[in-house]
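Raw entry.cif, mmCIF, C-alpha atoms:
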data_entry
loop_
_atom_site.group_PDB
_atom_site.id
_atom_site.type_symbol
_atom_site.label_atom_id
_atom_site.label_comp_id
_atom_site.auth_asym_id
_atom_site.auth_seq_id
_atom_site.Cartn_x
_atom_site.Cartn_y
_atom_site.Cartn_z
ATOM 1 C CA VAL A 1 56.324 156.462 86.954
ATOM 2 C CA THR A 2 57.916 159.646 88.251
ATOM 3 C CA GLY A 3 56.819 158.765 91.789
ATOM 4 C CA LEU A 4 58.278 155.267 91.590
ATOM 5 C CA LEU A 5 61.605 156.604 90.344
ATOM 6 C CA GLN A 6 61.763 159.242 93.063
ATOM 7 C CA GLU A 7 61.024 156.609 95.712
ATOM 8 C CA LEU A 8 64.129 154.809 94.467
ATOM 9 C CA GLY A 9 66.182 157.948 94.917
ATOM 10 C CA LYS A 10 66.483 158.818 91.239
ATOM 11 C CA GLU A 11 66.782 162.419 90.129
ATOM 12 C CA VAL A 12 64.063 162.889 87.503
ATOM 13 C CA VAL A 13 64.103 165.565 84.795
ATOM 14 C CA GLU A 14 60.874 165.657 82.797
ATOM 15 C CA PHE A 15 60.734 166.326 79.042
ATOM 16 C CA THR A 16 57.092 167.040 78.206
ATOM 17 C CA GLY A 17 55.002 168.196 75.263
ATOM 18 C CA ILE A 18 56.131 165.714 72.602
ATOM 19 C CA MET A 19 53.620 166.027 69.768
ATOM 20 C CA ALA A 20 51.890 163.317 67.705
ATOM 21 C CA ASN A 21 54.344 163.749 64.816
ATOM 22 C CA PRO A 22 57.546 164.642 66.690
ATOM 23 C CA THR A 23 59.540 167.426 65.098
ATOM 24 C CA TYR A 24 63.272 167.888 64.757
ATOM 25 C CA ALA A 25 62.951 171.128 66.717
ATOM 26 C CA LYS A 26 61.444 169.130 69.601
ATOM 27 C CA VAL A 27 64.386 166.732 69.402
ATOM 28 C CA GLN A 28 66.798 169.652 69.794
ATOM 29 C CA GLU A 29 64.825 170.902 72.796
ATOM 30 C CA GLY A 30 65.060 167.507 74.459
ATOM 31 C CA ALA A 31 68.754 167.151 73.670
ATOM 32 C CA GLN A 32 69.456 170.536 75.252
ATOM 33 C CA ILE A 33 67.573 169.532 78.418
ATOM 34 C CA ALA A 34 69.538 166.284 78.561
ATOM 35 C CA LYS A 35 72.866 168.099 78.175
ATOM 36 C CA GLU A 36 72.091 170.809 80.712
ATOM 37 C CA ASN A 37 71.020 168.294 83.331
ATOM 38 C CA ALA A 38 73.698 165.667 82.600
ATOM 39 C CA VAL A 39 70.994 163.066 82.020
ATOM 40 C CA ASP A 40 72.482 159.560 82.109
ATOM 41 C CA TYR A 41 69.365 157.507 81.296
ATOM 42 C CA ILE A 42 66.196 158.227 79.307
ATOM 43 C CA LEU A 43 62.873 156.531 80.024
ATOM 44 C CA ALA A 44 60.320 157.083 77.259
ATOM 45 C CA VAL A 45 56.790 156.719 78.642
ATOM 46 C CA GLY A 46 54.183 156.922 75.884
ATOM 47 C CA GLY A 47 53.403 155.759 72.375
ATOM 48 C CA GLY A 48 55.459 155.653 69.204
ATOM 49 C CA SER A 49 55.888 159.410 68.921
ATOM 50 C CA VAL A 50 57.309 159.746 72.434
ATOM 51 C CA ILE A 51 59.588 156.755 71.991
ATOM 52 C CA ASP A 52 60.802 157.902 68.557
ATOM 53 C CA CYS A 53 61.547 161.412 69.782
ATOM 54 C CA CYS A 54 63.484 160.069 72.776
ATOM 55 C CA LYS A 55 65.539 157.770 70.533
ATOM 56 C CA ILE A 56 66.855 160.739 68.579
ATOM 57 C CA VAL A 57 67.274 162.896 71.692
ATOM 58 C CA ALA A 58 69.452 160.093 73.093
ATOM 59 C CA ALA A 59 71.785 160.437 70.111
ATOM 60 C CA GLN A 60 71.667 164.209 69.601
ATOM 61 C CA ALA A 61 72.544 164.807 73.260
ATOM 62 C CA LYS A 62 75.846 162.961 72.769
ATOM 63 C CA THR A 63 77.149 164.956 69.805
ATOM 64 C CA ASP A 64 77.652 168.593 68.874
ATOM 65 C CA LYS A 65 76.961 167.804 65.220
ATOM 66 C CA ASP A 66 73.556 168.408 63.675
ATOM 67 C CA LEU A 67 72.108 164.902 63.573
ATOM 68 C CA TRP A 68 69.912 165.507 60.505
ATOM 69 C CA GLU A 69 72.854 166.759 58.453
ATOM 70 C CA MET A 70 75.014 163.976 59.848
ATOM 71 C CA GLU A 71 72.608 161.265 58.678
ATOM 72 C CA PHE A 72 71.098 162.673 55.472
ATOM 73 C CA VAL A 73 74.056 164.657 54.111
ATOM 74 C CA ASP A 74 77.163 162.944 55.479
ATOM 75 C CA HIS A 75 75.452 159.516 55.710
ATOM 76 C CA GLN A 76 76.981 158.870 59.113
ATOM 77 C CA PHE A 77 75.059 157.358 61.991
ATOM 78 C CA PRO A 78 75.578 158.087 65.695
ATOM 79 C CA GLN A 79 77.644 155.654 67.715
ATOM 80 C CA ALA A 80 77.317 157.195 71.183
ATOM 81 C CA VAL A 81 73.850 157.460 72.754
ATOM 82 C CA ILE A 82 72.336 157.954 76.184
ATOM 83 C CA PRO A 83 70.965 154.517 77.164
ATOM 84 C CA MET A 84 67.192 154.366 77.263
ATOM 85 C CA GLY A 85 64.185 152.205 78.050
ATOM 86 C CA ALA A 86 60.520 152.432 77.086
ATOM 87 C CA VAL A 87 57.167 152.020 78.821
ATOM 88 C CA VAL A 88 54.533 151.648 76.104
ATOM 89 C CA THR A 89 51.193 153.347 76.801
ATOM 90 C CA ALA A 90 49.810 153.341 73.235
ATOM 91 C CA SER A 91 50.708 150.392 71.029
ATOM 92 C CA GLY A 92 50.755 150.005 67.259
ATOM 93 C CA THR A 93 54.004 151.455 65.967
ATOM 94 C CA GLY A 94 56.373 148.859 67.403
ATOM 95 C CA ALA A 95 58.772 151.733 68.129
ATOM 96 C CA GLU A 96 59.936 149.996 71.288
ATOM 97 C CA MET A 97 61.438 147.139 69.259
ATOM 98 C CA ASN A 98 64.158 148.843 67.207
ATOM 99 C CA GLY A 99 66.537 151.773 66.847
ATOM 100 C CA GLY A 100 64.716 153.582 64.053
ATOM 101 C CA ALA A 101 62.632 156.722 64.556
ATOM 102 C CA VAL A 102 60.396 158.834 62.317
ATOM 103 C CA ILE A 103 60.947 162.576 62.744
ATOM 104 C CA THR A 104 59.461 165.575 60.905
ATOM 105 C CA ASN A 105 61.919 168.292 59.925
ATOM 106 C CA GLU A 106 59.606 171.261 59.433
ATOM 107 C CA ALA A 107 62.401 173.401 57.982
ATOM 108 C CA VAL A 108 62.585 171.202 54.875
ATOM 109 C CA THR A 109 59.061 169.657 55.026
ATOM 110 C CA VAL A 110 60.377 166.114 55.285
ATOM 111 C CA LYS A 111 59.176 163.331 57.537
ATOM 112 C CA ALA A 112 61.740 160.547 57.502
ATOM 113 C CA GLY A 113 63.265 157.682 59.390
ATOM 114 C CA MET A 114 66.432 158.284 61.387
ATOM 115 C CA GLY A 115 68.733 155.820 63.099
ATOM 116 C CA ALA A 116 69.608 156.270 66.755
ATOM 117 C CA ALA A 117 69.191 154.560 70.122
ATOM 118 C CA ALA A 118 67.264 151.304 70.568
ATOM 119 C CA PRO A 119 65.553 150.824 73.938
ATOM 120 C CA ARG A 120 67.478 148.416 76.161
ATOM 121 C CA PHE A 121 64.173 147.175 77.573
ATOM 122 C CA ALA A 122 60.484 147.756 76.932
ATOM 123 C CA VAL A 123 57.549 147.352 79.318
ATOM 124 C CA LEU A 124 54.513 145.996 77.436
ATOM 125 C CA ASP A 125 51.533 146.061 79.788
ATOM 126 C CA PRO A 126 48.095 146.276 78.090
ATOM 127 C CA PHE A 127 46.654 147.841 81.234
ATOM 128 C CA TYR A 128 48.563 151.043 80.428
ATOM 129 C CA THR A 129 46.670 151.375 77.111
ATOM 130 C CA LEU A 130 43.134 151.254 78.515
ATOM 131 C CA SER A 131 42.782 155.042 78.711
ATOM 132 C CA VAL A 132 43.739 155.557 75.056
ATOM 133 C CA PRO A 133 40.805 156.912 72.956
ATOM 134 C CA ARG A 134 39.016 154.530 70.592
ATOM 135 C CA MET A 135 40.206 156.044 67.316
ATOM 136 C CA GLN A 136 43.809 156.182 68.493
ATOM 137 C CA VAL A 137 43.660 152.503 69.474
ATOM 138 C CA LEU A 138 42.299 151.512 66.060
ATOM 139 C CA SER A 139 44.642 153.748 64.061
ATOM 140 C CA GLY A 140 47.603 152.391 66.015
ATOM 141 C CA ALA A 141 46.509 148.827 65.330
ATOM 142 C CA PHE A 142 46.154 149.645 61.631
ATOM 143 C CA ASP A 143 49.768 150.812 61.652
ATOM 144 C CA THR A 144 50.650 147.319 62.891
ATOM 145 C CA LEU A 145 48.648 145.774 60.044
ATOM 146 C CA SER A 146 50.415 148.064 57.585
ATOM 147 C CA HIS A 147 53.858 147.042 58.871
ATOM 148 C CA ALA A 148 53.055 143.364 58.410
ATOM 149 C CA MET A 149 51.521 143.879 54.959
ATOM 150 C CA GLU A 150 54.404 145.965 53.686
ATOM 151 C CA THR A 151 56.950 143.422 54.878
ATOM 152 C CA TYR A 152 54.915 140.613 53.268
ATOM 153 C CA PHE A 153 54.857 142.415 49.899
ATOM 154 C CA GLY A 154 58.577 143.180 49.980
ATOM 155 C CA ARG A 155 61.098 141.532 47.697
ATOM 156 C CA SER A 156 62.529 138.086 48.436
ATOM 157 C CA ASP A 157 64.157 135.353 46.409
ATOM 158 C CA ARG A 158 61.497 132.841 47.472
ATOM 159 C CA ASP A 159 58.620 132.291 49.882
ATOM 160 C CA ASN A 160 59.825 131.722 53.421
ATOM 161 C CA VAL A 161 58.700 131.276 57.011
ATOM 162 C CA SER A 162 58.645 135.055 57.451
ATOM 163 C CA ASP A 163 55.650 135.218 55.112
ATOM 164 C CA GLU A 164 53.732 132.678 57.188
ATOM 165 C CA VAL A 165 54.453 134.622 60.360
ATOM 166 C CA ALA A 166 53.452 137.894 58.679
ATOM 167 C CA LEU A 167 50.110 136.430 57.590
ATOM 168 C CA ALA A 168 49.492 135.182 61.128
ATOM 169 C CA VAL A 169 50.284 138.628 62.570
ATOM 170 C CA MET A 170 47.910 140.251 60.057
ATOM 171 C CA HIS A 171 45.115 137.781 60.841
ATOM 172 C CA SER A 172 45.527 138.226 64.591
ATOM 173 C CA THR A 173 45.546 142.010 64.234
ATOM 174 C CA VAL A 174 42.281 141.965 62.257
ATOM 175 C CA VAL A 175 40.608 139.520 64.666
ATOM 176 C CA ASN A 176 41.544 141.573 67.710
ATOM 177 C CA MET A 177 40.629 144.895 66.144
ATOM 178 C CA ARG A 178 37.182 143.419 65.531
ATOM 179 C CA ALA A 179 37.069 142.308 69.154
ATOM 180 C CA LEU A 180 37.696 145.897 70.235
ATOM 181 C CA LEU A 181 34.849 147.104 68.017
ATOM 182 C CA LYS A 182 32.594 145.058 70.293
ATOM 183 C CA ASP A 183 34.341 145.932 73.566
ATOM 184 C CA LEU A 184 36.980 148.662 73.625
ATOM 185 C CA ASN A 185 38.183 147.501 77.051
ATOM 186 C CA ASP A 186 38.712 143.868 76.039
ATOM 187 C CA TYR A 187 41.972 143.198 77.893
ATOM 188 C CA THR A 188 42.835 140.081 75.881
ATOM 189 C CA ALA A 189 42.388 141.931 72.598
ATOM 190 C CA ARG A 190 44.527 144.830 73.871
ATOM 191 C CA SER A 191 47.167 142.318 74.934
ATOM 192 C CA ASN A 192 47.183 140.566 71.566
ATOM 193 C CA LEU A 193 47.389 143.854 69.661
ATOM 194 C CA MET A 194 50.299 144.992 71.817
ATOM 195 C CA TRP A 195 52.101 141.763 70.956
ATOM 196 C CA THR A 196 51.327 141.873 67.206
ATOM 197 C CA SER A 197 52.647 145.452 67.216
ATOM 198 C CA ALA A 198 55.921 144.247 68.706
ATOM 199 C CA MET A 199 56.096 141.247 66.377
ATOM 200 C CA ALA A 200 55.570 143.408 63.289
ATOM 201 C CA GLU A 201 58.644 145.525 64.058
ATOM 202 C CA ASN A 202 61.075 143.339 66.009
ATOM 203 C CA GLY A 203 62.807 142.129 62.833
ATOM 204 C CA ILE A 204 61.409 138.594 62.687
ATOM 205 C CA LEU A 205 59.085 139.301 59.747
ATOM 206 C CA LYS A 206 61.931 140.946 57.858
ATOM 207 C CA VAL A 207 64.202 137.896 57.849
ATOM 208 C CA GLY A 208 64.813 136.954 54.196
ATOM 209 C CA ARG A 209 62.787 139.886 52.921
ATOM 210 C CA VAL A 210 63.237 143.532 51.932
ATOM 211 C CA THR A 211 60.261 145.597 53.115
ATOM 212 C CA ASP A 212 58.059 147.283 50.490
ATOM 213 C CA PHE A 213 57.376 150.352 52.698
ATOM 214 C CA GLU A 214 56.153 152.545 49.809
ATOM 215 C CA CYS A 215 52.799 153.291 51.418
ATOM 216 C CA HIS A 216 54.625 154.437 54.540
ATOM 217 C CA GLN A 217 56.801 156.705 52.372
ATOM 218 C CA MET A 218 53.671 158.300 50.900
ATOM 219 C CA GLU A 219 52.067 158.742 54.304
ATOM 220 C CA HIS A 220 55.233 160.194 55.803
ATOM 221 C CA GLN A 221 55.287 163.025 53.273
ATOM 222 C CA LEU A 222 51.532 163.471 53.545
ATOM 223 C CA GLY A 223 52.110 163.852 57.284
ATOM 224 C CA ALA A 224 54.974 166.284 56.740
ATOM 225 C CA TYR A 225 52.645 168.621 54.841
ATOM 226 C CA THR A 226 49.406 168.079 56.804
ATOM 227 C CA ASP A 227 50.373 166.775 60.287
ATOM 228 C CA CYS A 228 47.691 164.074 59.887
ATOM 229 C CA ASN A 229 47.397 161.026 62.132
ATOM 230 C CA HIS A 230 49.814 158.365 60.893
ATOM 231 C CA GLY A 231 47.597 155.281 61.170
ATOM 232 C CA GLN A 232 44.620 157.092 59.677
ATOM 233 C CA GLY A 233 46.722 158.324 56.760
ATOM 234 C CA LEU A 234 47.818 154.755 56.080
ATOM 235 C CA ALA A 235 44.196 153.588 56.178
ATOM 236 C CA VAL A 236 43.277 156.085 53.463
ATOM 237 C CA LEU A 237 46.253 155.279 51.237
ATOM 238 C CA HIS A 238 46.604 151.503 51.408
ATOM 239 C CA PRO A 239 43.590 150.401 49.305
ATOM 240 C CA ALA A 240 44.402 152.912 46.551
ATOM 241 C CA TYR A 241 48.053 151.871 46.507
ATOM 242 C CA TYR A 242 47.184 148.182 46.420
ATOM 243 C CA ARG A 243 44.755 148.656 43.530
ATOM 244 C CA HIS A 244 47.718 150.019 41.559
ATOM 245 C CA ILE A 245 49.992 147.039 42.273
ATOM 246 C CA VAL A 246 47.552 144.129 42.696
ATOM 247 C CA LYS A 247 48.243 142.792 39.182
ATOM 248 C CA ASP A 248 51.988 142.810 39.892
ATOM 249 C CA ALA A 249 51.633 140.265 42.715
ATOM 250 C CA PRO A 250 48.286 138.473 42.210
ATOM 251 C CA GLU A 251 49.291 135.255 43.964
ATOM 252 C CA LYS A 252 50.506 137.076 47.071
ATOM 253 C CA PHE A 253 47.380 139.219 47.247
ATOM 254 C CA ALA A 254 45.181 136.147 46.860
ATOM 255 C CA ARG A 255 47.103 134.360 49.596
ATOM 256 C CA LEU A 256 46.658 137.332 51.925
ATOM 257 C CA GLY A 257 42.957 137.560 51.131
ATOM 258 C CA LYS A 258 42.333 133.941 52.025
ATOM 259 C CA ALA A 259 44.543 133.862 55.155
ATOM 260 C CA VAL A 260 43.523 137.200 56.641
ATOM 261 C CA PHE A 261 39.996 137.918 55.407
ATOM 262 C CA GLY A 262 38.736 134.548 54.167
ATOM 263 C CA VAL A 263 38.097 135.714 50.601
ATOM 264 C CA GLU A 264 39.168 134.272 47.255
ATOM 265 C CA GLY A 265 41.132 136.186 44.650
ATOM 266 C CA ALA A 266 43.641 139.035 44.535
ATOM 267 C CA GLU A 267 41.252 141.920 43.868
ATOM 268 C CA ALA A 268 38.826 140.524 46.448
ATOM 269 C CA ALA A 269 41.651 140.823 48.999
ATOM 270 C CA VAL A 270 42.002 144.553 48.303
ATOM 271 C CA ASP A 271 38.222 144.999 48.479
ATOM 272 C CA ALA A 272 38.170 143.129 51.805
ATOM 273 C CA LEU A 273 40.880 145.400 53.215
ATOM 274 C CA ALA A 274 38.941 148.489 52.135
ATOM 275 C CA ALA A 275 35.738 147.100 53.684
ATOM 276 C CA PHE A 276 37.580 146.333 56.930
ATOM 277 C CA ILE A 277 38.846 149.918 57.135
ATOM 278 C CA GLN A 278 35.271 151.157 56.813
ATOM 279 C CA GLU A 279 34.115 148.579 59.372
ATOM 280 C CA CYS A 280 36.591 150.035 61.872
ATOM 281 C CA GLY A 281 35.356 153.566 61.247
ATOM 282 C CA LEU A 282 38.779 154.679 60.037
ATOM 283 C CA PRO A 283 38.986 157.441 57.408
ATOM 284 C CA VAL A 284 38.697 156.378 53.771
ATOM 285 C CA ARG A 285 39.237 159.818 52.178
ATOM 286 C CA LEU A 286 41.885 162.483 52.661
ATOM 287 C CA SER A 287 39.103 164.960 53.367
ATOM 288 C CA GLN A 288 38.302 162.983 56.532
ATOM 289 C CA LEU A 289 41.788 163.469 57.973
ATOM 290 C CA LYS A 290 42.481 166.178 60.506
ATOM 291 C CA SER A 291 44.923 168.452 58.692
ATOM 292 C CA ARG A 292 46.643 171.718 59.616
ATOM 293 C CA VAL A 293 46.198 172.925 56.009
ATOM 294 C CA GLU A 294 43.645 172.468 53.256
ATOM 295 C CA ILE A 295 44.421 169.364 51.203
ATOM 296 C CA THR A 296 44.369 170.467 47.565
ATOM 297 C CA PRO A 297 45.630 169.001 44.269
ATOM 298 C CA ASP A 298 48.542 171.447 44.359
ATOM 299 C CA LEU A 299 49.521 170.319 47.852
ATOM 300 C CA LEU A 300 49.279 166.664 46.805
ATOM 301 C CA ARG A 301 51.569 167.427 43.869
ATOM 302 C CA GLN A 302 54.145 168.720 46.356
ATOM 303 C CA VAL A 303 53.693 165.570 48.429
ATOM 304 C CA ALA A 304 54.154 163.345 45.365
ATOM 305 C CA ASN A 305 57.243 165.236 44.232
ATOM 306 C CA SER A 306 58.891 164.734 47.625
ATOM 307 C CA VAL A 307 58.011 161.080 48.270
ATOM 308 C CA ASN A 308 60.946 158.685 48.558
ATOM 309 C CA LEU A 309 60.454 156.110 45.762
ATOM 310 C CA LEU A 310 61.632 152.633 46.768
ATOM 311 C CA PRO A 311 62.406 149.638 44.505
ATOM 312 C CA ASN A 312 61.398 147.102 47.152
ATOM 313 C CA GLY A 313 57.761 146.337 46.332
ATOM 314 C CA PRO A 314 56.044 144.359 43.582
ATOM 315 C CA ARG A 315 56.634 147.354 41.296
ATOM 316 C CA GLN A 316 58.369 150.685 41.768
ATOM 317 C CA LEU A 317 55.998 153.611 41.389
ATOM 318 C CA THR A 318 56.625 156.778 39.404
ATOM 319 C CA ARG A 319 55.950 160.217 40.833
ATOM 320 C CA GLY A 320 53.038 160.540 38.429
ATOM 321 C CA GLU A 321 51.527 157.344 39.787
ATOM 322 C CA VAL A 322 52.018 158.497 43.376
ATOM 323 C CA TYR A 323 50.140 161.673 42.480
ATOM 324 C CA SER A 324 47.359 159.590 40.904
ATOM 325 C CA ILE A 325 47.067 157.499 44.069
ATOM 326 C CA LEU A 326 46.872 160.613 46.227
ATOM 327 C CA MET A 327 44.227 162.157 43.970
ATOM 328 C CA GLU A 328 42.187 158.950 44.029
ATOM 329 C CA CYS A 329 42.089 159.333 47.819
ATOM 330 C CA MET A 330 40.587 162.838 47.689
#

As structure tokens, what does this structure read like?
Amino acid sequence: VTGLLQELGKEVVEFTGIMANPTYAKVQEGAQIAKENAVDYILAVGGGSVIDCCKIVAAQAKTDKDLWEMEFVDHQFPQAVIPMGAVVTASGTGAEMNGGAVITNEAVTVKAGMGAAAPRFAVLDPFYTLSVPRMQVLSGAFDTLSHAMETYFGRSDRDNVSDEVALAVMHSTVVNMRALLKDLNDYTARSNLMWTSAMAENGILKVGRVTDFECHQMEHQLGAYTDCNHGQGLAVLHPAYYRHIVKDAPEKFARLGKAVFGVEGAEAAVDALAAFIQECGLPVRLSQLKSRVEITPDLLRQVANSVNLLPNGPRQLTRGEVYSILMECM
């Protein structure tokens, strides 16, 4: 990419070293580089973490205010941004499809969504994903499945077309993940997963619906404390979370089970999801996650006490219930 840009006479300034869970300190580093070099366009080449970090860099570089304080204290969102594009090399997050970004502020141990620049274009070429390791491919695809499920279980006044599309995205994601279990280099499966990733986050599934997103809130804080892989954290948490809320939306769970996994009944749908996670070789316990610290009951209490509780799902959880879910995942 750098070579192609230089051939076109572009002056390229590289911003390297963006980590799997991009930090606010890394955002400030990128913003400083952009300011010092008068960068007038940002091209994010990578997966969701790279794209998310660049989105916030694009906004922070255009203001002298602290962006975190601006958004979470003053509740103001940036208006001026450096324009940017994205070349996706690891799909699953759908980060290329919107202006939101998930950033970890290590100073306050919070991993949260921020609003900033949306890519003006995105290059989605499955060929660019073929060098991505197996587990990263599967964990990214599970993030896609999670996005579609959490939108599907969000509040709405009535069933709508968005639900039908969400179920189709979920089914396609499962089918193509299974295809990759047989052949990791299956180009068609990679292509389909790249498209379901985009579809899950381009806003279409959210029409007429408020996203549940509670499992993501739990995983975000788990990630803030442990630096675990996002998709793998979701894989551990989802079955436990759904067992807590399955009786609050039995018809929707049963519908998902039949459309996505071909099973009958609400609880069978949750069991099928758990079995699919095991089939993919994704972690099913917190102890299987790569963590920078030991995961203990005390740490999980801190996670539970800091989770953002949302009223958008079948039932709003309490902090005690979040802690129970986390402990059930030990």

Got a sec: who's within 12 Å of segment 297-307 of chain A, counting all atoms listed in the file, leaving out chain neighbours fewer than 4 positions off, as a PyMOL selection string?
chain A and resi 108-112+213-226+286-287+291+293+317-330

If you count all atoms listed in the file, the residue of A:Ala168, A:Asp248, A:Tyr187, A:Met177 closest to Gly281 of chain A turns out to be A:Met177

How far is it from atom CA of Val57 of chain A to atom CA of Ala25 of chain A, in Å with one decimal?
10.5 Å

Applying the PyMOL selection byres ((chain A and resi 269) around 9) to the file I just gave you, which residues come out? Please list them as JSON, numbers by chain.
{"A": [253, 254, 255, 256, 257, 258, 260, 261, 262, 263, 264, 265, 266, 267, 268, 270, 271, 272, 273, 274]}

Can you spit out the residues from that selection as an mmCIF file, in the frame of the given file, using C-alpha atoms?
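Output (selection17.cif):
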data_model
loop_
_atom_site.group_PDB
_atom_site.id
_atom_site.type_symbol
_atom_site.label_atom_id
_atom_site.label_comp_id
_atom_site.auth_asym_id
_atom_site.auth_seq_id
_atom_site.Cartn_x
_atom_site.Cartn_y
_atom_site.Cartn_z
ATOM 1 C CA PHE A 253 47.380 139.219 47.247
ATOM 2 C CA ALA A 254 45.181 136.147 46.860
ATOM 3 C CA ARG A 255 47.103 134.360 49.596
ATOM 4 C CA LEU A 256 46.658 137.332 51.925
ATOM 5 C CA GLY A 257 42.957 137.560 51.131
ATOM 6 C CA LYS A 258 42.333 133.941 52.025
ATOM 7 C CA VAL A 260 43.523 137.200 56.641
ATOM 8 C CA PHE A 261 39.996 137.918 55.407
ATOM 9 C CA GLY A 262 38.736 134.548 54.167
ATOM 10 C CA VAL A 263 38.097 135.714 50.601
ATOM 11 C CA GLU A 264 39.168 134.272 47.255
ATOM 12 C CA GLY A 265 41.132 136.186 44.650
ATOM 13 C CA ALA A 266 43.641 139.035 44.535
ATOM 14 C CA GLU A 267 41.252 141.920 43.868
ATOM 15 C CA ALA A 268 38.826 140.524 46.448
ATOM 16 C CA VAL A 270 42.002 144.553 48.303
ATOM 17 C CA ASP A 271 38.222 144.999 48.479
ATOM 18 C CA ALA A 272 38.170 143.129 51.805
ATOM 19 C CA LEU A 273 40.880 145.400 53.215
ATOM 20 C CA ALA A 274 38.941 148.489 52.135
#

Given the file shown, determine the residues that the PyMOL selection byres ((chain A and resi 59) around 9) selects; report them as a ChimeraX atom specification.
/A:31,54-58,60-63,67,78-82,115-117

For this structure, which residues satisfy the selection - the PyMOL selection byres ((chain A and resi 161-167) around 6) - when it is evaluated on the file as given? I want them as a PDB file with C-alpha atoms, keeping the file's coordinate frame.
ATOM      1  CA  ALA A 148      53.055 143.364  58.410  1.00  0.00           C
ATOM      2  CA  TYR A 152      54.915 140.613  53.268  1.00  0.00           C
ATOM      3  CA  ASN A 160      59.825 131.722  53.421  1.00  0.00           C
ATOM      4  CA  ALA A 168      49.492 135.182  61.128  1.00  0.00           C
ATOM      5  CA  VAL A 169      50.284 138.628  62.570  1.00  0.00           C
ATOM      6  CA  MET A 170      47.910 140.251  60.057  1.00  0.00           C
ATOM      7  CA  LEU A 205      59.085 139.301  59.747  1.00  0.00           C
TER       8      LEU A 205
END

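Distance check against Met97 of chain A using all atoms listed in the file: of A:His75, A:Arg134, A:Arg120, A:Lys10, the minimum falls on A:Arg120.
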
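You will find atom CA of Ala118 of chain A at 11.2 Å from atom CA of Ala44 of chain A.
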
Which neighbours of Val45 of chain A fall inside 9 Å, counting all atoms listed in the file, when residues of the same chain fewer than 2 positions from it are skipped, and could you give them as a PyMOL selection string?
chain A and resi 1+43+47+50-51+85-89

I'd like the contact shell of Gly313 of chain A - 8 Å cut-off, all atoms listed in the file, skipping same-chain residues fewer than 5 positions apart - returned as an MDAnalysis selection string.
chainID A and resid 153:155 211:214
